[in-house]
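To start, the structure under review is shown below, and the notes come after it.
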Amino acid sequence: MVAGLLAGAADIEPGRVILQLLDWLPIVSADSGLAPVEQGLLWEIRLPRVLLGAVVGGLLAIAGAAYQGVFRNPLADPYLLGAAAGAGLTTTVVIVLLKGDTESLSIPAAAFVGAVGGVLLAYALGNVAGRGGGTATLVLAGVAVTSFLTAVQTFVQQLGVEDLQRIYGWILGTVDGGWGRVTLVLPYAAVSVAALLVHGRLLDVLSVGDDEAVSLGLNAARVRLAVLLAASLATAAAVAVSGLIGFVGIVVPHVVRRLAGGSYRIVLPLSLLGGAAFLVLGDVIARTVLAPAELPIGVVTAFVGAPFFVAVLRMTKRVET
């Protein structure tokens with residue numbers, strides 16, 4: 001996060017930025033020597049951007065870890081299960097057809113409905129296909145649902161040509177939304193993260209199988225529904241304020257498991273922190289690699305996540321074989 005505050009198109013001496021950060025602390029007084037315009041740039045542009053990136057990255061990563069625990073599928077991810085596509089569709093409908101403001105409460109509500117609907121549709125399609133297809137069955141169902149929902153979203157976009165620029169900017173992903181989006185997402189983030197962290201131990205029980213979980217007195221269906229709703233709320237909140245930023249929910253949880261083990265009591269909180277760091281770092285790259293121009297942050301995460309997904313898919317195939 002400090003690196004995110006130091007990086008940017010405006011050339012501000014890093015040492016002065018550090019002093020300004022220290023001066024913002026309540027018990028520290030430091031003279032950074034920054035002009036009021038430079039202080040405003042840090043406070044009104046860079047700081048909310050870094051905070052929004054941290055919140056969105058953390059939400060996508062912890063949601064990915066939760067989906068993987070619920071479905072016992074290492075390839076489960078908000079963007080592969082149809083959650084993000086569903087949230088994107090309903091958000092586009094609100095923007096184009098209902099002329100909703102991206103800062104209003106209607107966007108997260110619509111995104112939540114779409115996220116839950118997308119996941120449930122993918123899960124139902126995966127069950128219809130049968131369990132004989134292995135762990136890839138659910139992912140294939142999610143890809144089919146995502147493709148369909150994306151096609152519907154494209155159709156809706158064509159109904160509001162005047163909103164295309166705003167929608168495409170949102171689809172490519174951004175964490176540049178100012179304090180308004182930070183304050184908008186925080187309540188949803190707090191509720192969803194708290195709910196997921198509380199269920200960490202129960203996800204560990206589910207990982208041994210439904211029969212064993214029931215024998216231990218656990219209501220597996222109720223736990224799955226609660227985690228599914230909380231993870232969908234986290235995904236919807238992230239999509240509503242930042243657009244479509246993929247692969248965070250696959251990359252971060254797998255790295256965490258490699259480093260810290262498979263217990264969800266550990267995986268969930270570390271995925272939250274790792275996702276925050278990952279997306280803030282991705283935003284730093286997006287802002288600096290073509291400075292003063294910016295890459296969409298979704299492009300940066302795709303460059304990292306696509307090869308990573310292929311590697312995970314190969315490892316999963318070897319395990320199944």
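Ordering of the structure tokens sets the chain letters (A, B, ...); residue numbers start at 1 within each chain; ligands are numbered from 1 in the order shown.
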Closest-contact table, stretch 50-127 of chain A side, partner stretch 3-27 of chain A, 10 Å, counting only C-alpha atoms, as JSON lines:
```
{"residue": "A:Val50", "atom": "CA", "partner": "A:Gly4", "partner_atom": "CA", "distance": 6.0}
{"residue": "A:Leu51", "atom": "CA", "partner": "A:Gly4", "partner_atom": "CA", "distance": 9.4}
{"residue": "A:Gly53", "atom": "CA", "partner": "A:Gly4", "partner_atom": "CA", "distance": 9.5}
```
Q. Got a sec: who's within 12 Å of A:Leu295, counting only C-alpha atoms, leaving out chain neighbours fewer than 2 positions off, as a ChimeraX atom specification?
A. /A:169,172-175,282-293,297-303
Since we have the selection now, will you write its residues out, keeping N, CA and C atoms, as a PDB file, in the first residue's frame?
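Resulting contents of selection21.pdb:
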```
ATOM      1  N   GLY A 169     -15.443   1.169 -19.738  1.00  0.00           N
ATOM      2  CA  GLY A 169     -14.454   1.515 -18.727  1.00  0.00           C
ATOM      3  C   GLY A 169     -14.643   0.697 -17.464  1.00  0.00           C
ATOM      4  N   LEU A 172     -13.547  -3.177 -18.094  1.00  0.00           N
ATOM      5  CA  LEU A 172     -12.108  -3.418 -18.113  1.00  0.00           C
ATOM      6  C   LEU A 172     -11.494  -3.398 -16.722  1.00  0.00           C
ATOM      7  N   GLY A 173     -12.215  -2.894 -15.751  1.00  0.00           N
ATOM      8  CA  GLY A 173     -11.744  -2.919 -14.377  1.00  0.00           C
ATOM      9  C   GLY A 173     -10.954  -1.678 -13.998  1.00  0.00           C
ATOM     10  N   THR A 174     -11.302  -1.090 -12.875  1.00  0.00           N
ATOM     11  CA  THR A 174     -10.585   0.073 -12.374  1.00  0.00           C
ATOM     12  C   THR A 174     -10.789   0.180 -10.876  1.00  0.00           C
ATOM     13  N   VAL A 175      -9.793   0.707 -10.194  1.00  0.00           N
ATOM     14  CA  VAL A 175      -9.928   0.994  -8.759  1.00  0.00           C
ATOM     15  C   VAL A 175      -9.790   2.498  -8.525  1.00  0.00           C
ATOM     16  N   GLY A 282      -0.795  -4.923  -8.566  1.00  0.00           N
ATOM     17  CA  GLY A 282      -1.225  -4.896  -9.959  1.00  0.00           C
ATOM     18  C   GLY A 282      -1.586  -3.502 -10.416  1.00  0.00           C
ATOM     19  N   ASP A 283      -2.198  -2.718  -9.535  1.00  0.00           N
ATOM     20  CA  ASP A 283      -2.553  -1.342  -9.890  1.00  0.00           C
ATOM     21  C   ASP A 283      -1.305  -0.484 -10.044  1.00  0.00           C
ATOM     22  N   VAL A 284      -0.283  -0.728  -9.218  1.00  0.00           N
ATOM     23  CA  VAL A 284       0.984  -0.001  -9.370  1.00  0.00           C
ATOM     24  C   VAL A 284       1.584  -0.270 -10.747  1.00  0.00           C
ATOM     25  N   ILE A 285       1.562  -1.538 -11.165  1.00  0.00           N
ATOM     26  CA  ILE A 285       2.079  -1.889 -12.492  1.00  0.00           C
ATOM     27  C   ILE A 285       1.240  -1.228 -13.583  1.00  0.00           C
ATOM     28  N   ALA A 286      -0.078  -1.243 -13.419  1.00  0.00           N
ATOM     29  CA  ALA A 286      -0.963  -0.652 -14.422  1.00  0.00           C
ATOM     30  C   ALA A 286      -0.726   0.839 -14.575  1.00  0.00           C
ATOM     31  N   ARG A 287      -0.358   1.507 -13.490  1.00  0.00           N
ATOM     32  CA  ARG A 287      -0.160   2.956 -13.539  1.00  0.00           C
ATOM     33  C   ARG A 287       1.221   3.355 -14.046  1.00  0.00           C
ATOM     34  N   THR A 288       2.194   2.467 -13.924  1.00  0.00           N
ATOM     35  CA  THR A 288       3.581   2.862 -14.200  1.00  0.00           C
ATOM     36  C   THR A 288       4.166   2.274 -15.474  1.00  0.00           C
ATOM     37  N   VAL A 289       3.681   1.123 -15.954  1.00  0.00           N
ATOM     38  CA  VAL A 289       4.340   0.458 -17.069  1.00  0.00           C
ATOM     39  C   VAL A 289       4.242   1.267 -18.357  1.00  0.00           C
ATOM     40  N   LEU A 290       3.152   2.032 -18.526  1.00  0.00           N
ATOM     41  CA  LEU A 290       2.990   2.866 -19.719  1.00  0.00           C
ATOM     42  C   LEU A 290       2.787   4.333 -19.342  1.00  0.00           C
ATOM     43  N   ALA A 291       3.300   4.730 -18.184  1.00  0.00           N
ATOM     44  CA  ALA A 291       3.095   6.095 -17.696  1.00  0.00           C
ATOM     45  C   ALA A 291       3.521   7.112 -18.757  1.00  0.00           C
ATOM     46  N   PRO A 292       2.741   8.216 -18.908  1.00  0.00           N
ATOM     47  CA  PRO A 292       1.609   8.638 -18.072  1.00  0.00           C
ATOM     48  C   PRO A 292       0.279   7.961 -18.409  1.00  0.00           C
ATOM     49  N   ALA A 293       0.233   7.106 -19.447  1.00  0.00           N
ATOM     50  CA  ALA A 293      -0.991   6.362 -19.729  1.00  0.00           C
ATOM     51  C   ALA A 293      -1.145   5.231 -18.717  1.00  0.00           C
ATOM     52  N   ILE A 297      -6.558  -2.433 -15.071  1.00  0.00           N
ATOM     53  CA  ILE A 297      -5.972  -3.366 -14.108  1.00  0.00           C
ATOM     54  C   ILE A 297      -6.362  -4.805 -14.417  1.00  0.00           C
ATOM     55  N   GLY A 298      -7.511  -5.002 -15.078  1.00  0.00           N
ATOM     56  CA  GLY A 298      -7.899  -6.345 -15.476  1.00  0.00           C
ATOM     57  C   GLY A 298      -6.924  -6.972 -16.459  1.00  0.00           C
ATOM     58  N   VAL A 299      -6.267  -6.142 -17.268  1.00  0.00           N
ATOM     59  CA  VAL A 299      -5.261  -6.657 -18.200  1.00  0.00           C
ATOM     60  C   VAL A 299      -4.059  -7.195 -17.432  1.00  0.00           C
ATOM     61  N   VAL A 300      -3.642  -6.474 -16.401  1.00  0.00           N
ATOM     62  CA  VAL A 300      -2.486  -6.895 -15.603  1.00  0.00           C
ATOM     63  C   VAL A 300      -2.775  -8.212 -14.889  1.00  0.00           C
ATOM     64  N   THR A 301      -3.943  -8.320 -14.244  1.00  0.00           N
ATOM     65  CA  THR A 301      -4.257  -9.558 -13.534  1.00  0.00           C
ATOM     66  C   THR A 301      -4.416 -10.730 -14.496  1.00  0.00           C
ATOM     67  N   ALA A 302      -4.886 -10.466 -15.723  1.00  0.00           N
ATOM     68  CA  ALA A 302      -5.020 -11.541 -16.701  1.00  0.00           C
ATOM     69  C   ALA A 302      -3.653 -12.042 -17.152  1.00  0.00           C
ATOM     70  N   PHE A 303      -2.676 -11.143 -17.303  1.00  0.00           N
ATOM     71  CA  PHE A 303      -1.329 -11.558 -17.683  1.00  0.00           C
ATOM     72  C   PHE A 303      -0.743 -12.507 -16.649  1.00  0.00           C
TER      73      PHE A 303
END
```
Q) With only C-alpha atoms as the basis for distance, which of A:Val304, A:Val185, A:Leu202, A:Ala84 is at the shortest distance from A:Leu216? A) A:Leu202
Q: Give me, please, the distance in Å between atom CA of A:Leu229 and atom CA of A:Leu268, quoted to one decimal.
A: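 Going from atom CA of A:Leu229 over to atom CA of A:Leu268 covers 15.6 Å.
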Q: Go through A:Leu138, A:Ala194, A:Ala231, A:Ala240 and flag the residue nearest A:Thr92, using only C-alpha atoms for the distances.
A: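 Of the candidates, the smallest distance to A:Thr92 is held by A:Ala240.
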Q: For A:Gly275, work out the shell of residues within 6 Å, counting only C-alpha atoms and skipping chain neighbours fewer than 6 positions away, then give it as a ChimeraX atom specification.
A: /A:57-58,61,252
Expected file contents, prior selection, N, CA and C atoms, as an mmCIF file, in the first residue's frame:
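Below is the file part.cif, written as the result:
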```cif
data_model
loop_
_atom_site.group_PDB
_atom_site.id
_atom_site.type_symbol
_atom_site.label_atom_id
_atom_site.label_comp_id
_atom_site.auth_asym_id
_atom_site.auth_seq_id
_atom_site.Cartn_x
_atom_site.Cartn_y
_atom_site.Cartn_z
ATOM 1 N N GLY A 57 -9.415 -6.328 -3.963
ATOM 2 C CA GLY A 57 -8.556 -7.511 -4.062
ATOM 3 C C GLY A 57 -8.799 -8.501 -2.943
ATOM 4 N N GLY A 58 -8.948 -7.974 -1.720
ATOM 5 C CA GLY A 58 -9.232 -8.863 -0.594
ATOM 6 C C GLY A 58 -10.559 -9.577 -0.739
ATOM 7 N N ALA A 61 -10.329 -12.349 -3.465
ATOM 8 C CA ALA A 61 -9.510 -13.486 -3.041
ATOM 9 C C ALA A 61 -10.220 -14.333 -1.995
ATOM 10 N N VAL A 252 -4.456 -16.042 -5.666
ATOM 11 C CA VAL A 252 -4.106 -15.791 -4.271
ATOM 12 C C VAL A 252 -4.384 -16.998 -3.369
#
```
(Q) Using only C-alpha atoms, which protein or nucleic acid residues come within 8 Å of stretch 36-45 of chain A? Drop anything in the same chain fewer than 2 positions from it, and give the result as a VMD selection string. (A) chain A and resid 5 12 20 34 47 to 49 176 178 to 179
Got time to write the residues from that selection, all heavy atoms, as a compact mmCIF listing (two decimals), in the first residue's frame?
```txt
# COMPACT_ATOMS: atom_id res chain seq x y z
N LEU A 5 1.09 4.37 -2.86
CA LEU A 5 1.06 5.81 -2.62
C LEU A 5 2.29 6.50 -3.21
O LEU A 5 2.23 7.67 -3.58
CB LEU A 5 1.00 6.09 -1.11
CG LEU A 5 -0.32 5.72 -0.43
CD1 LEU A 5 -0.18 5.87 1.08
CD2 LEU A 5 -1.45 6.59 -0.94
N ILE A 12 6.58 12.93 -7.41
CA ILE A 12 6.69 13.42 -6.04
C ILE A 12 7.79 12.63 -5.34
O ILE A 12 7.83 11.40 -5.43
CB ILE A 12 5.36 13.24 -5.28
CG1 ILE A 12 4.23 13.94 -6.01
CG2 ILE A 12 5.47 13.79 -3.86
CD1 ILE A 12 2.88 13.77 -5.35
N GLN A 20 4.79 12.81 4.72
CA GLN A 20 3.39 13.20 4.73
C GLN A 20 2.51 12.12 5.34
O GLN A 20 1.56 12.41 6.09
CB GLN A 20 2.92 13.50 3.30
CG GLN A 20 1.50 14.01 3.20
CD GLN A 20 1.32 15.34 3.93
OE1 GLN A 20 2.07 16.28 3.71
NE2 GLN A 20 0.33 15.40 4.81
N LEU A 34 5.53 19.27 1.19
CA LEU A 34 4.71 19.14 -0.01
C LEU A 34 3.77 20.33 -0.16
O LEU A 34 3.23 20.84 0.83
CB LEU A 34 3.89 17.85 0.04
CG LEU A 34 4.65 16.53 -0.05
CD1 LEU A 34 3.68 15.35 0.05
CD2 LEU A 34 5.45 16.44 -1.34
N LEU A 47 -4.58 7.86 -2.23
CA LEU A 47 -4.99 7.09 -1.04
C LEU A 47 -6.31 6.35 -1.25
O LEU A 47 -6.39 5.15 -0.96
CB LEU A 47 -5.07 8.01 0.17
CG LEU A 47 -5.42 7.32 1.49
CD1 LEU A 47 -4.42 6.22 1.81
CD2 LEU A 47 -5.49 8.33 2.64
N PRO A 48 -7.37 7.00 -1.74
CA PRO A 48 -8.60 6.21 -1.97
C PRO A 48 -8.42 5.13 -3.03
O PRO A 48 -9.05 4.07 -2.94
CB PRO A 48 -9.62 7.27 -2.42
CG PRO A 48 -8.83 8.44 -2.85
CD PRO A 48 -7.59 8.43 -2.02
N ARG A 49 -7.55 5.36 -4.01
CA ARG A 49 -7.31 4.34 -5.02
C ARG A 49 -6.63 3.12 -4.41
O ARG A 49 -6.99 1.97 -4.70
CB ARG A 49 -6.44 4.93 -6.13
CG ARG A 49 -6.16 3.95 -7.26
CD ARG A 49 -5.61 4.66 -8.47
NE ARG A 49 -5.46 3.74 -9.60
CZ ARG A 49 -5.41 4.11 -10.87
NH1 ARG A 49 -5.50 5.39 -11.18
NH2 ARG A 49 -5.27 3.23 -11.83
N ASP A 176 -10.00 3.26 -9.58
CA ASP A 176 -9.92 4.72 -9.49
C ASP A 176 -11.34 5.27 -9.36
O ASP A 176 -11.97 5.63 -10.35
CB ASP A 176 -9.23 5.29 -10.73
CG ASP A 176 -9.01 6.80 -10.62
OD1 ASP A 176 -9.15 7.33 -9.51
OD2 ASP A 176 -8.72 7.42 -11.65
N GLY A 178 -12.31 7.20 -6.18
CA GLY A 178 -12.41 8.22 -5.15
C GLY A 178 -13.02 7.68 -3.86
O GLY A 178 -13.34 6.50 -3.72
N TRP A 179 -13.20 8.59 -2.90
CA TRP A 179 -13.70 8.20 -1.59
C TRP A 179 -15.14 7.70 -1.65
O TRP A 179 -15.57 6.92 -0.79
CB TRP A 179 -13.59 9.38 -0.62
CG TRP A 179 -12.19 9.68 -0.20
CD1 TRP A 179 -11.43 10.76 -0.55
CD2 TRP A 179 -11.37 8.88 0.66
NE1 TRP A 179 -10.19 10.68 0.02
CE2 TRP A 179 -10.12 9.54 0.77
CE3 TRP A 179 -11.56 7.68 1.34
CZ2 TRP A 179 -9.08 9.04 1.54
CZ3 TRP A 179 -10.52 7.17 2.10
CH2 TRP A 179 -9.30 7.85 2.20
```
Q: Work out how far atom CA of A:Val139 is from atom CA of A:Leu75, in Å to one decimal.
A: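 According to the coordinates, atom CA of A:Leu75 and atom CA of A:Val139 are separated by 6.8 Å.
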(Q) Here is a test: counting only C-alpha atoms, which residue of A:Ala144, A:Leu203, A:Val116, A:Leu89 is nearest to A:Val156? (A)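 Looking only at the distances to A:Val156, the closest residue turns out to be A:Leu89.
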Q) Of the residues A:Pro108, A:Pro269, A:Gly160, A:Gly180, which is the one nearest to A:Val198, using only C-alpha atoms? A) A:Pro269
Q) From the set A:Val248, A:Leu184, A:Arg314, A:Val193, which residue has the shortest atom-to-atom contact distance to A:Ala277, counting only C-alpha atoms? A)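 Of A:Val248, A:Leu184, A:Arg314, A:Val193, the one nearest A:Ala277, counting only C-alpha atoms, is A:Val248.
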Q) Just how far from atom CA of A:Leu140 is atom CA of A:Ala124, in Å to one decimal? A) 12.1 Å
Q) With only C-alpha atoms as the basis for distance, which of A:Leu120, A:Ala76, A:Ala83, A:Ala151 is at the shortest distance from A:Pro253? A)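 Of the candidates, the smallest distance to A:Pro253 is held by A:Ala76.
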Q: Show which residues sit within 8 Å of A:Val251, as a PyMOL selection string. Count only C-alpha atoms, and ignore same-chain residues fewer than 2 positions away.
A: chain A and resi 247-249+253-255+305+308-309
Q | Distance query A:Ala238 at most 7 Å, only C-alpha atoms, self and fewer than 2 positions along chain excluded, as number ranges by chain | A | A: 56, 59-60, 234-236, 240-242
